[in-house]
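Visitor: Just passing along the structure, written as structure tokens.
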Amino acid sequence: MSPRLRFVLVVLLQVLVLLAMIGTRAYTLATGTRVLLETEPIDPRDPFRGDYVRLNYVISTLDLNELQVPDQDFEGEEQVWVLLAPANPYWEPVTVTLDRPAAGPDQVAVRARVSWYENWEENRRLHLVYGTESFFVPEGEGRRLEGPEVKLDVEIAVDRFGRAALARVLHDGREVRFE
Amino acid sequence: MASPGERNVPRACREWLQQELAYWQSQGLVTAEQRAAIHGLYSWKEESAPSRTTATVTILGAVLLGLGALLFVAANWPAIPRVLKVTLILTALLGSHGLGWWLWRKRGNAPRVGHALVLLGSLFYGAGIWLIAQIYHLNAHWPTGFLAWSVGVAAVAWATGSRPNLALATALLVVWTGAEQGPYGLANPWFLPLLAGAVALAYRLRAPEGLLLGQLGLVIWVSINLGRWAQYAMDLPLIQVAALGAMGAGLVAVGMSHEAQTGAFGRLMAWPYLLGGGILTLLALLIPTFLPREMTPDLEARSLVAVGVLVASALAAVAWALREQRRAGPSRSRWHGAAPLVAGALAVLTPVLVLTLPTGTPLRLAFNLLLLATILGLLAYGYTRRNEALVNVSLFFFVVQVVARYFDLFWQLLDRSIFFMAGGLLLLGGGYLLERSRRRWLRDWQGGDPR
């Protein structure tokens, strides 16, 4: 292989990685079921991606006793599936399992990672990350979306592989846009 | 008949030839006239100062532009639509890679600017990763972004033979494992094969800076994993000192192996091991001198196995160094020949002492003595091998030890203050004398034949 061809292939690889990142997210957003979630935001900063509003969903912490999940241990960073069903107005968890659950006609199964697992006395709580916890905003714009008085709703899209992507953030029912 | 200066060789070869010619003359193999005649056959391929400056300035320019692009992404300027942002970053990536290749390899009349543009392309690639993550609000396991960036840049280093790209790729690999092990608390075993790949590429490209960064990554990986295994936070320094001490001595032994190899390659690849290993060894010996309270070593089986593996690896490196020294022939310095054995002794002594001695005064006293002896040993080795960096590092640690001991003993053992103040003054005086000697040595080295 000539050095030039080798270099061209490597540059194409870099472009493909970037396009694959775009493609997978665009696929999820285009084909996924829209799920409305309730949140409580705060506003930190990432050195590479800038300011963002950290979204803490109500379904980020699951009470396993309430969901009647059988007694079992969960490891940090382990992948789990959360079955969600529509309620009014937000979607709510039905159960959480290690293997993909069978979803009913109106339900969706979304993948999540275990952040940590609490199991003391009678309490069993599972703290989860869905990969849609960051809403990146222009520099300085996050402040108006932070604080306990701000009420944000988030619409995520869940595709048939269980991948979630953040579709829209709603402030007082209106979509938050910066462009 | 060969004409004078007809053989053109790199600068490192000149140093080696000068040393060896002097040695051959001292052994009676060549006369002074023959030495001069052999010396006269060679001319030296010096890289001119302006060309080095051009390389440095253009690389710095690429780094600044790349960091600017990253900050531009972070600012998330709303005036530019997202589609245009992605188009801009892809155009910048392809443009700088393409133009860089053209100037560096095809046209060839501005190779250093071209090389810097290829590095800039790698930085734009990283900016692209973070831009797309920002646009799609991706936060799922963000360290993977660094891994994807590192692999892409390493591929460029492999394809083009670019050392700055390899250094960037290795640095990103280190950031990746730090993020996986720190915030996410994972063992990250995949780091080791990837690091081995980076080290192999560093050897292929003759990139010592890549080796230095790789050592940093290994130190982070070992330290954090041993910390995860320890049951109690107070146990951490002891088991980590044991591991890092063995590792540091082993790395120094690897450096000695390379140093014993003839040719510019050995000398070039020796310094990162000697410098990185030297710093690590001295740091591992310094830490126990600051541990006054009672501590229990963490003797968990897997931690001990890990330390055992590191000690065995260090001893293998010592055996390699001794073999290389034997191959290179008789040494002019007895100290030089014994140096790998001293490194081997340190690789065993550090873990054994730190894990068996009672904490408190016995441990602190033993490690103060061991640190002082190692500083003096490295100083002597650095001087005899004309390794300025090693001499400076040894002197730095000497000053740190003197200052630390002067103050902590003064505060903690007030009833014996006169004795320790006298000791402190002696050490400070010794430091002053060493510094004066160091300046004389450095003057000697810079002017003509150091012997």
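Residue numbering restarts at 1 in every chain; chains get A, B, ... in the order shown in the structure tokens, and ligands count up from 1 in that same order.
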Would you mind listing, as a count of residues only, all residues of chain A that have at least one atom within 9 Å of chain B, where only C-alpha atoms are what counts?
Guide: 46
Visitor: Please return as a ChimeraX atom specification: the residues of segment 48-165 of chain A that backbone DSSP assigns to strand (DSSP E or B).
Guide: /A:50-57,61-63,79-86,91-97,108-120,123-129,134-136,152-158,164-165
Visitor: Any idea what the distance is between atom CA of His171 of chain A and atom CA of Lys151 of chain A?
Guide: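 Answer for the atom CA of His171 of chain A to atom CA of Lys151 of chain A separation: 6.4 Å.
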Visitor: Could you please determine the separation between atom CA of Ser60 of chain A and atom CA of Asp73 of chain A in Å, to one decimal place?
Guide: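 Answer for the atom CA of Ser60 of chain A to atom CA of Asp73 of chain A separation: 17.5 Å.
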Visitor: Once DSSP has gone over the backbone, tell me which residues of segment 140-189 of chain B are in helix (DSSP H, G or I), as a PyMOL selection string.
Guide: chain B and resi 143-160+163-181
